[in-house]
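Undergrad: Input file: my_file_0.cif. Contents: mmCIF, C-alpha atoms.
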```cif
data_work
#
loop_
_atom_site.label_atom_id
_atom_site.label_comp_id
_atom_site.auth_asym_id
_atom_site.auth_seq_id
_atom_site.Cartn_x
_atom_site.Cartn_y
_atom_site.Cartn_z
CA MET A 1 -81.14 88.43 84.99
CA LYS A 2 -77.92 88.55 87.04
CA MET A 3 -75.85 87.91 83.91
CA ARG A 4 -77.54 90.79 82.13
CA ARG A 5 -76.78 93.16 85.03
CA LEU A 6 -73.16 92.04 85.03
CA LEU A 7 -72.83 92.70 81.28
CA ILE A 8 -74.37 96.17 81.68
CA LEU A 9 -71.95 96.96 84.54
CA LEU A 10 -68.96 95.83 82.47
CA ALA A 11 -70.12 97.97 79.53
CA ILE A 12 -70.43 101.03 81.78
CA LEU A 13 -66.94 100.43 83.21
CA ALA A 14 -65.48 100.05 79.71
CA VAL A 15 -66.92 103.43 78.69
CA ALA A 16 -65.92 105.16 81.93
CA ILE A 17 -62.30 103.95 81.98
CA PRO A 18 -59.93 106.30 80.16
CA SER A 19 -57.73 104.98 77.38
CA SER A 20 -54.61 105.61 79.51
CA ALA A 21 -55.66 102.94 82.02
CA ARG A 22 -53.67 99.70 82.10
CA LEU A 23 -54.50 96.18 83.21
CA ARG A 24 -51.49 93.99 83.97
CA PHE A 25 -50.95 90.43 85.17
CA GLY A 26 -48.09 89.21 87.35
CA LEU A 27 -46.56 86.22 89.16
CA LYS A 28 -45.78 86.87 92.82
CA GLY A 29 -43.88 85.09 95.59
CA GLY A 30 -42.21 85.85 98.89
CA ILE A 31 -41.22 85.02 102.44
CA ALA A 32 -43.58 85.67 105.37
CA ILE A 33 -42.63 85.86 109.06
CA ASN A 34 -45.74 85.07 111.12
CA LYS A 35 -46.43 85.52 114.84
CA LEU A 36 -49.61 85.05 116.86
CA MET A 37 -50.49 87.93 119.20
CA PHE A 38 -52.59 86.86 122.19
CA ASN A 39 -55.10 88.74 124.31
CA LYS A 40 -53.50 87.36 127.52
CA ASP A 41 -49.91 87.60 128.74
CA ILE A 42 -49.96 84.08 130.14
CA ILE A 43 -48.82 82.58 126.82
CA GLY A 44 -46.49 83.73 124.07
CA SER A 45 -45.68 82.93 120.45
CA GLU A 46 -42.44 82.79 118.47
CA ASN A 47 -41.73 84.19 115.01
CA ARG A 48 -41.81 81.52 112.32
CA ALA A 49 -40.96 81.74 108.62
CA GLY A 50 -43.37 80.63 105.92
CA PHE A 51 -43.91 81.55 102.29
CA THR A 52 -46.51 82.84 99.87
CA CYS A 53 -46.97 82.60 96.09
CA GLY A 54 -49.64 83.29 93.50
CA PHE A 55 -51.00 85.67 90.86
CA GLN A 56 -51.64 89.39 90.82
CA LEU A 57 -53.81 91.66 88.67
CA GLU A 58 -53.13 95.39 88.66
CA PHE A 59 -55.42 98.05 87.26
CA ALA A 60 -53.45 101.30 86.97
CA LEU A 61 -54.41 104.86 86.09
CA PRO A 62 -51.00 106.36 85.18
CA VAL A 63 -52.30 109.95 85.06
CA THR A 64 -53.13 109.96 88.77
CA GLY A 65 -50.46 107.56 90.04
CA LEU A 66 -53.18 105.44 91.63
CA SER A 67 -53.78 101.77 90.98
CA ILE A 68 -55.76 98.88 92.44
CA ASP A 69 -54.31 95.41 92.67
CA GLY A 70 -55.88 92.14 93.66
CA SER A 71 -54.16 88.80 94.17
CA VAL A 72 -54.92 85.12 94.65
CA MET A 73 -52.19 83.75 96.91
CA TYR A 74 -51.31 80.44 98.55
CA SER A 75 -49.92 81.17 102.03
CA TYR A 76 -48.05 78.68 104.23
CA ARG A 77 -47.86 79.78 107.88
CA LYS A 78 -46.08 78.21 110.85
CA ASP A 79 -46.97 78.78 114.51
CA ALA A 80 -45.00 77.94 117.63
CA LEU A 81 -46.07 78.64 121.20
CA SER A 82 -43.40 79.60 123.76
CA THR A 83 -44.63 76.82 126.05
CA GLN A 84 -44.59 74.10 123.37
CA GLU A 85 -41.83 72.57 121.24
CA GLN A 86 -44.26 71.51 118.53
CA VAL A 87 -44.66 73.67 115.40
CA PHE A 88 -48.11 73.92 113.81
CA ARG A 89 -48.86 74.70 110.17
CA ARG A 90 -51.77 76.44 108.47
CA ASP A 91 -52.39 76.68 104.72
CA TYR A 92 -54.52 79.53 103.38
CA ILE A 93 -55.83 80.93 100.14
CA GLU A 94 -55.49 84.69 100.51
CA LEU A 95 -57.31 87.39 98.55
CA PRO A 96 -55.61 90.74 99.23
CA LEU A 97 -57.08 93.88 97.65
CA HIS A 98 -54.85 96.97 97.73
CA VAL A 99 -54.98 100.61 96.75
CA LYS A 100 -51.52 101.65 95.55
CA TYR A 101 -49.98 105.08 94.98
CA GLY A 102 -46.86 105.41 92.82
CA LEU A 103 -44.63 108.43 93.31
CA THR A 104 -43.74 110.31 90.13
CA LEU A 105 -40.06 111.28 90.05
CA ALA A 106 -38.97 113.18 86.95
CA GLY A 107 -36.09 111.60 85.09
CA ILE A 108 -36.04 108.20 86.82
CA ASN A 109 -39.60 106.87 86.41
CA LYS A 110 -38.56 104.67 83.47
CA VAL A 111 -36.17 102.86 85.80
CA LEU A 112 -37.57 103.22 89.32
CA VAL A 113 -41.05 103.97 90.70
CA PRO A 114 -41.46 103.93 94.51
CA TYR A 115 -44.96 103.20 95.81
CA ALA A 116 -47.01 102.65 98.97
CA PHE A 117 -50.12 100.51 99.37
CA THR A 118 -52.79 99.49 101.85
CA GLY A 119 -55.95 97.41 101.91
CA PRO A 120 -57.80 94.38 103.29
CA ASN A 121 -56.67 90.78 103.06
CA PHE A 122 -59.19 87.91 103.20
CA SER A 123 -57.79 84.49 104.19
CA PHE A 124 -59.49 81.10 103.83
CA LEU A 125 -58.08 78.06 105.66
CA PHE A 126 -57.97 74.82 103.65
CA ASN A 127 -55.37 72.72 105.49
CA GLU A 128 -53.88 72.57 108.99
CA SER A 129 -51.76 70.32 111.18
CA LYS A 130 -53.74 68.41 113.78
CA GLN A 131 -53.51 69.69 117.35
CA GLU A 132 -55.76 69.90 120.41
CA LEU A 133 -54.95 73.32 121.85
CA TRP A 134 -57.28 75.39 119.66
CA ASP A 135 -59.66 75.40 116.73
CA ASN A 136 -58.47 77.46 113.78
CA ARG A 137 -61.14 79.63 112.18
CA SER A 138 -62.04 78.76 108.60
CA SER A 139 -61.53 82.39 107.53
CA ASN A 140 -60.16 85.63 108.87
CA THR A 141 -59.65 89.21 107.78
CA SER A 142 -56.55 91.35 108.14
CA TRP A 143 -55.20 94.70 106.92
CA ASP A 144 -52.00 95.16 104.89
CA ILE A 145 -49.74 98.22 104.92
CA GLY A 146 -46.60 98.33 102.78
CA PHE A 147 -44.20 100.01 100.41
CA GLY A 148 -42.07 98.96 97.47
CA VAL A 149 -40.38 99.88 94.22
CA GLU A 150 -41.09 98.92 90.64
CA LEU A 151 -38.00 98.45 88.46
CA PHE A 152 -38.12 98.94 84.68
CA HIS A 153 -41.96 98.80 84.74
CA HIS A 154 -41.91 95.03 85.36
CA LEU A 155 -40.30 93.90 88.63
CA GLN A 156 -42.00 94.92 91.88
CA VAL A 157 -40.12 94.41 95.15
CA GLN A 158 -42.08 95.18 98.30
CA ALA A 159 -42.36 94.79 102.07
CA SER A 160 -45.63 94.73 103.98
CA TYR A 161 -47.00 94.33 107.49
CA THR A 162 -50.26 92.43 108.04
CA ILE A 163 -52.44 93.21 111.07
CA GLY A 164 -55.10 90.66 111.97
CA LEU A 165 -58.53 92.25 112.36
CA THR A 166 -60.36 89.07 113.35
CA GLN A 167 -59.41 86.12 115.56
CA SER A 168 -57.27 83.43 113.94
CA PHE A 169 -58.57 80.69 116.23
CA LYS A 170 -61.37 80.20 118.70
CA GLN A 171 -59.52 79.58 121.95
CA ILE A 172 -56.71 77.94 123.83
CA THR A 173 -57.93 76.21 126.99
CA THR A 174 -55.73 73.99 129.15
CA GLU A 175 -55.65 73.18 132.86
CA SER A 176 -52.36 75.02 133.30
CA LEU A 177 -53.70 78.22 131.68
CA GLY A 178 -57.04 78.09 133.43
CA GLU A 179 -58.76 80.49 131.01
CA ALA A 180 -59.57 80.94 127.34
CA VAL A 181 -56.98 82.70 125.19
CA LYS A 182 -57.60 84.26 121.78
CA GLY A 183 -55.07 85.28 119.16
CA ARG A 184 -54.63 87.25 115.95
CA ASP A 185 -52.02 86.99 113.21
CA ARG A 186 -49.24 89.53 112.72
CA CYS A 187 -47.04 89.01 109.68
CA TRP A 188 -44.10 90.66 107.88
CA THR A 189 -43.85 89.75 104.19
CA ILE A 190 -41.10 90.48 101.67
CA SER A 191 -42.14 89.63 98.12
CA CYS A 192 -41.34 90.07 94.43
CA CYS A 193 -43.79 90.24 91.55
CA PHE A 194 -42.98 90.19 87.86
CA MET A 195 -45.62 92.08 85.89
CA PHE A 196 -46.25 91.22 82.24
#
```
Take the structure in this file and express it as structure tokens.
TA:
Amino acid sequence: MKMRRLLILLAILAVAIPSSARLRFGLKGGIAINKLMFNKDIIGSENRAGFTCGFQLEFALPVTGLSIDGSVMYSYRKDALSTQEQVFRRDYIELPLHVKYGLTLAGINKVLVPYAFTGPNFSFLFNESKQELWDNRSSNTSWDIGFGVELFHHLQVQASYTIGLTQSFKQITTESLGEAVKGRDRCWTISCCFMF
């Protein structure tokens, strides 16, 4: 029954989508600078560089300049507390889903298309370095805001800022701190994607 509903939905979408719509596939990778932001001032975090790589699908409606892209990304994050010398790692599978708007500029759109995008990012933890300070959450949700340019209708270069909407870990509790501390991720990412 579920399969039948899915087939009907796909048939409706196929009829509703105009012929000018495009579906493209791309390979994506980049550098991410991560920092934990805490709810208490008694502890701080340092910026640490990680990386991200994966696949992107983009569904574009060229007439309107709007598109929707979704990705499956591997993300490697590092964390370092100001009070600790040890660096912790977290490995995630991320599923960002963005709404993108490309700016139409007469005469240069065949070479350069600037765009802005925003949308949610769902992260699922599958590996972490062992430590006793906190328990990382198995999943968290954040929001991406960014801009970029597409060159020659294939190479996308972009920068984005990720704001954690949910807690990245449960708590930090030590005798020296004396109270529970919670934190969210903040991340700058610079990435490139080659669209086929």
Undergrad: Which is closer to A:Arg89 than all the others in A:Gln156, A:Thr118, A:Ser67, A:Asn136, using only C-alpha atoms?
TA: A:Asn136
Undergrad: Take the PyMOL selection byres ((chain A and resi 23) around 9), run it mentally on this structure, and tell me the resulting residues as a tab-separated table (two decimals) with C-alpha atoms, in the coordinates of the input.
TA:
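Saved to out.tsv:
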```tsv
chain	number	residue	atom	x	y	z
A	21	ALA	CA	-55.66	102.94	82.02
A	22	ARG	CA	-53.67	99.70	82.10
A	24	ARG	CA	-51.49	93.99	83.97
A	25	PHE	CA	-50.95	90.43	85.17
A	57	LEU	CA	-53.81	91.66	88.67
A	58	GLU	CA	-53.13	95.39	88.66
A	59	PHE	CA	-55.42	98.05	87.26
A	60	ALA	CA	-53.45	101.30	86.97
```
Undergrad: Report the residues retrieved by the PyMOL selection byres ((chain A and resi 153) around 9) from the displayed file, expressed as a list in words.
TA: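 When the PyMOL selection byres ((chain A and resi 153) around 9) is applied to the shown file, the picked residues are Asn109, Lys110, Val111, Leu112, Val113, Glu150, Leu151, Phe152, His154, Leu155, Gln156 and Met195 of chain A.
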Undergrad: With all atoms listed in the file as the counted atoms, please give the residues lying no more than 9 Å from A:Lys170, apart from itself and same-chain residues fewer than 3 positions off, as a list of chain:residue names.
TA: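 Surrounding residues, per the criterion: A:Trp134, A:Asp135, A:Asn136, A:Arg137, A:Gln167, A:Ala180, A:Val181, A:Lys182, A:Gly183.
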Undergrad: Please provide as a list of chain:residue names all residues within 8 Å of A:Ser138, with the sequence filter that same-chain residues fewer than 5 positions apart are discarded (counting all atoms listed in the file).
TA: A:Phe124, A:Leu125, A:Phe126
Undergrad: Would you kindly translate the PyMOL selection byres ((chain A and resi 65) around 8) into the concrete residues it picks from this file, as number ranges by chain?
TA: A: 60-64, 66-67, 101-104
Undergrad: Go through A:Gln86, A:Asn34, A:Gln56, A:Ser123 one by one, measure the shortest atom-to-atom distance of each to A:Arg186 using only C-alpha atoms, and give the residue with the smallest value.
TA: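 Closest residue, counting only C-alpha atoms: A:Asn34.
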Undergrad: Looking at A:Gly70, A:Gly107, A:Gly50, A:Pro120, which one is nearest to A:Tyr92, with distances taken over all atoms listed in the file?
TA: A:Gly50
Undergrad: Here is a test: counting only C-alpha atoms, which residue of A:Leu81, A:Leu133, A:Pro96, A:Gly146 is nearest to A:Met37?
TA: A:Leu81
Undergrad: Restricting the calculation to only C-alpha atoms: of A:Cys53, A:Leu97, A:Ala159, A:Ala116, which residue gets closest to A:Trp143?
TA: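 So, comparing all the options, the nearest one is A:Leu97.
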Undergrad: Which is closer to A:Glu132 than all the others in A:Phe194, A:Ala49, A:Tyr115, A:Phe88, using all atoms listed in the file?
TA: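 Closest to A:Glu132, using all atoms listed in the file: A:Phe88.
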Undergrad: Taking the point (-59.5, 93.0, 111.9) as given in the file, collect each protein or nucleic acid residue that comes within 7 Å of it, counting all atoms listed in the file, and present the set as a PyMOL selection string.
TA: chain A and resi 141-143+164-166
Undergrad: Just to confirm, what's the straight-line distance from atom CA of A:Cys192 to atom CA of A:Ile68 in Å (one decimal)?
TA: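 That distance, rounded to one decimal, is 17.0 Å.
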Undergrad: Any idea what the distance is between atom CA of A:Val157 and atom CA of A:Asn127?
TA: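 Distance reported for this atom pair: 28.5 Å.
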Undergrad: Give me, as a PyMOL selection string, all polymer residues having an atom no more than 12 Å from A:Thr52, counting only C-alpha atoms and skipping those fewer than 3 positions away in the same chain.
TA: chain A and resi 27-34+49+55+71-78+90-95+187-193
Undergrad: Between atom CA of A:Lys130 and atom CA of A:Ile163, what is the distance, to one decimal in Å?
TA: 25.0 Å
Undergrad: Identify, on the basis of all atoms listed in the file, every residue whose closest approach to A:Glu46 does not exceed 9 Å; exclude the query and any residue fewer than 6 positions from it along the same chain; express the result as a PyMOL selection string.
TA: chain A and resi 34-36+79-82
Undergrad: Dump C-alpha atoms of stretch 104-174 of chain A from the given block, as a PDB file, in the first residue's frame.
TA:
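Output contents, as saved in selection_27.pdb:
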```
ATOM      1  CA  THR A 104      20.106  36.499 -12.922  1.00  0.00           C
ATOM      2  CA  LEU A 105      22.662  38.924 -14.369  1.00  0.00           C
ATOM      3  CA  ALA A 106      22.260  39.649 -18.068  1.00  0.00           C
ATOM      4  CA  GLY A 107      25.345  38.963 -20.138  1.00  0.00           C
ATOM      5  CA  ILE A 108      27.375  37.018 -17.562  1.00  0.00           C
ATOM      6  CA  ASN A 109      25.068  34.162 -16.487  1.00  0.00           C
ATOM      7  CA  LYS A 110      26.844  31.702 -18.804  1.00  0.00           C
ATOM      8  CA  VAL A 111      30.038  32.324 -16.852  1.00  0.00           C
ATOM      9  CA  LEU A 112      29.010  33.407 -13.351  1.00  0.00           C
ATOM     10  CA  VAL A 113      25.816  32.973 -11.296  1.00  0.00           C
ATOM     11  CA  PRO A 114      25.860  34.305  -7.710  1.00  0.00           C
ATOM     12  CA  TYR A 115      23.444  32.658  -5.273  1.00  0.00           C
ATOM     13  CA  ALA A 116      22.318  32.582  -1.641  1.00  0.00           C
ATOM     14  CA  PHE A 117      20.905  29.628   0.276  1.00  0.00           C
ATOM     15  CA  THR A 118      19.447  28.614   3.622  1.00  0.00           C
ATOM     16  CA  GLY A 119      17.921  25.550   5.234  1.00  0.00           C
ATOM     17  CA  PRO A 120      18.125  22.879   7.936  1.00  0.00           C
ATOM     18  CA  ASN A 121      20.989  20.462   8.473  1.00  0.00           C
ATOM     19  CA  PHE A 122      20.426  17.107  10.206  1.00  0.00           C
ATOM     20  CA  SER A 123      23.537  15.453  11.714  1.00  0.00           C
ATOM     21  CA  PHE A 124      23.895  11.849  12.906  1.00  0.00           C
ATOM     22  CA  LEU A 125      26.878  10.845  15.059  1.00  0.00           C
ATOM     23  CA  PHE A 126      28.516   7.512  14.168  1.00  0.00           C
ATOM     24  CA  ASN A 127      32.007   7.806  15.702  1.00  0.00           C
ATOM     25  CA  GLU A 128      33.664   9.807  18.482  1.00  0.00           C
ATOM     26  CA  SER A 129      36.861   9.898  20.521  1.00  0.00           C
ATOM     27  CA  LYS A 130      36.476   8.548  24.035  1.00  0.00           C
ATOM     28  CA  GLN A 131      36.325  11.124  26.823  1.00  0.00           C
ATOM     29  CA  GLU A 132      34.621  11.509  30.199  1.00  0.00           C
ATOM     30  CA  LEU A 133      33.600  15.166  30.238  1.00  0.00           C
ATOM     31  CA  TRP A 134      30.319  14.842  28.324  1.00  0.00           C
ATOM     32  CA  ASP A 135      28.041  12.559  26.367  1.00  0.00           C
ATOM     33  CA  ASN A 136      27.652  13.519  22.717  1.00  0.00           C
ATOM     34  CA  ARG A 137      24.101  13.352  21.411  1.00  0.00           C
ATOM     35  CA  SER A 138      23.467  10.791  18.686  1.00  0.00           C
ATOM     36  CA  SER A 139      21.847  13.443  16.472  1.00  0.00           C
ATOM     37  CA  ASN A 140      21.376  17.184  16.319  1.00  0.00           C
ATOM     38  CA  THR A 141      19.779  19.795  14.107  1.00  0.00           C
ATOM     39  CA  SER A 142      21.261  23.048  12.874  1.00  0.00           C
ATOM     40  CA  TRP A 143      20.480  25.812  10.368  1.00  0.00           C
ATOM     41  CA  ASP A 144      22.723  26.805   7.443  1.00  0.00           C
ATOM     42  CA  ILE A 145      22.979  30.273   5.885  1.00  0.00           C
ATOM     43  CA  GLY A 146      25.348  30.916   2.985  1.00  0.00           C
ATOM     44  CA  PHE A 147      26.235  32.373  -0.374  1.00  0.00           C
ATOM     45  CA  GLY A 148      28.296  31.321  -3.360  1.00  0.00           C
ATOM     46  CA  VAL A 149      28.916  31.494  -7.077  1.00  0.00           C
ATOM     47  CA  GLU A 150      28.490  28.944  -9.836  1.00  0.00           C
ATOM     48  CA  LEU A 151      31.120  29.094 -12.581  1.00  0.00           C
ATOM     49  CA  PHE A 152      30.397  27.877 -16.120  1.00  0.00           C
ATOM     50  CA  HIS A 153      27.263  26.029 -14.891  1.00  0.00           C
ATOM     51  CA  HIS A 154      29.383  23.330 -13.216  1.00  0.00           C
ATOM     52  CA  LEU A 155      31.654  24.520 -10.379  1.00  0.00           C
ATOM     53  CA  GLN A 156      29.989  25.877  -7.240  1.00  0.00           C
ATOM     54  CA  VAL A 157      32.155  27.672  -4.669  1.00  0.00           C
ATOM     55  CA  GLN A 158      30.400  28.677  -1.472  1.00  0.00           C
ATOM     56  CA  ALA A 159      30.740  29.779   2.153  1.00  0.00           C
ATOM     57  CA  SER A 160      28.207  29.015   4.865  1.00  0.00           C
ATOM     58  CA  TYR A 161      27.615  29.512   8.577  1.00  0.00           C
ATOM     59  CA  THR A 162      25.948  26.746  10.604  1.00  0.00           C
ATOM     60  CA  ILE A 163      24.000  27.600  13.767  1.00  0.00           C
ATOM     61  CA  GLY A 164      23.221  24.733  16.128  1.00  0.00           C
ATOM     62  CA  LEU A 165      19.533  24.577  17.024  1.00  0.00           C
ATOM     63  CA  THR A 166      19.796  21.633  19.417  1.00  0.00           C
ATOM     64  CA  GLN A 167      22.387  20.651  22.023  1.00  0.00           C
ATOM     65  CA  SER A 168      25.475  18.843  20.723  1.00  0.00           C
ATOM     66  CA  PHE A 169      26.067  17.025  24.003  1.00  0.00           C
ATOM     67  CA  LYS A 170      24.218  16.361  27.219  1.00  0.00           C
ATOM     68  CA  GLN A 171      26.412  18.058  29.808  1.00  0.00           C
ATOM     69  CA  ILE A 172      29.829  18.817  31.171  1.00  0.00           C
ATOM     70  CA  THR A 173      30.044  18.191  34.920  1.00  0.00           C
ATOM     71  CA  THR A 174      33.283  18.334  36.894  1.00  0.00           C
TER      72      THR A 174
END
```
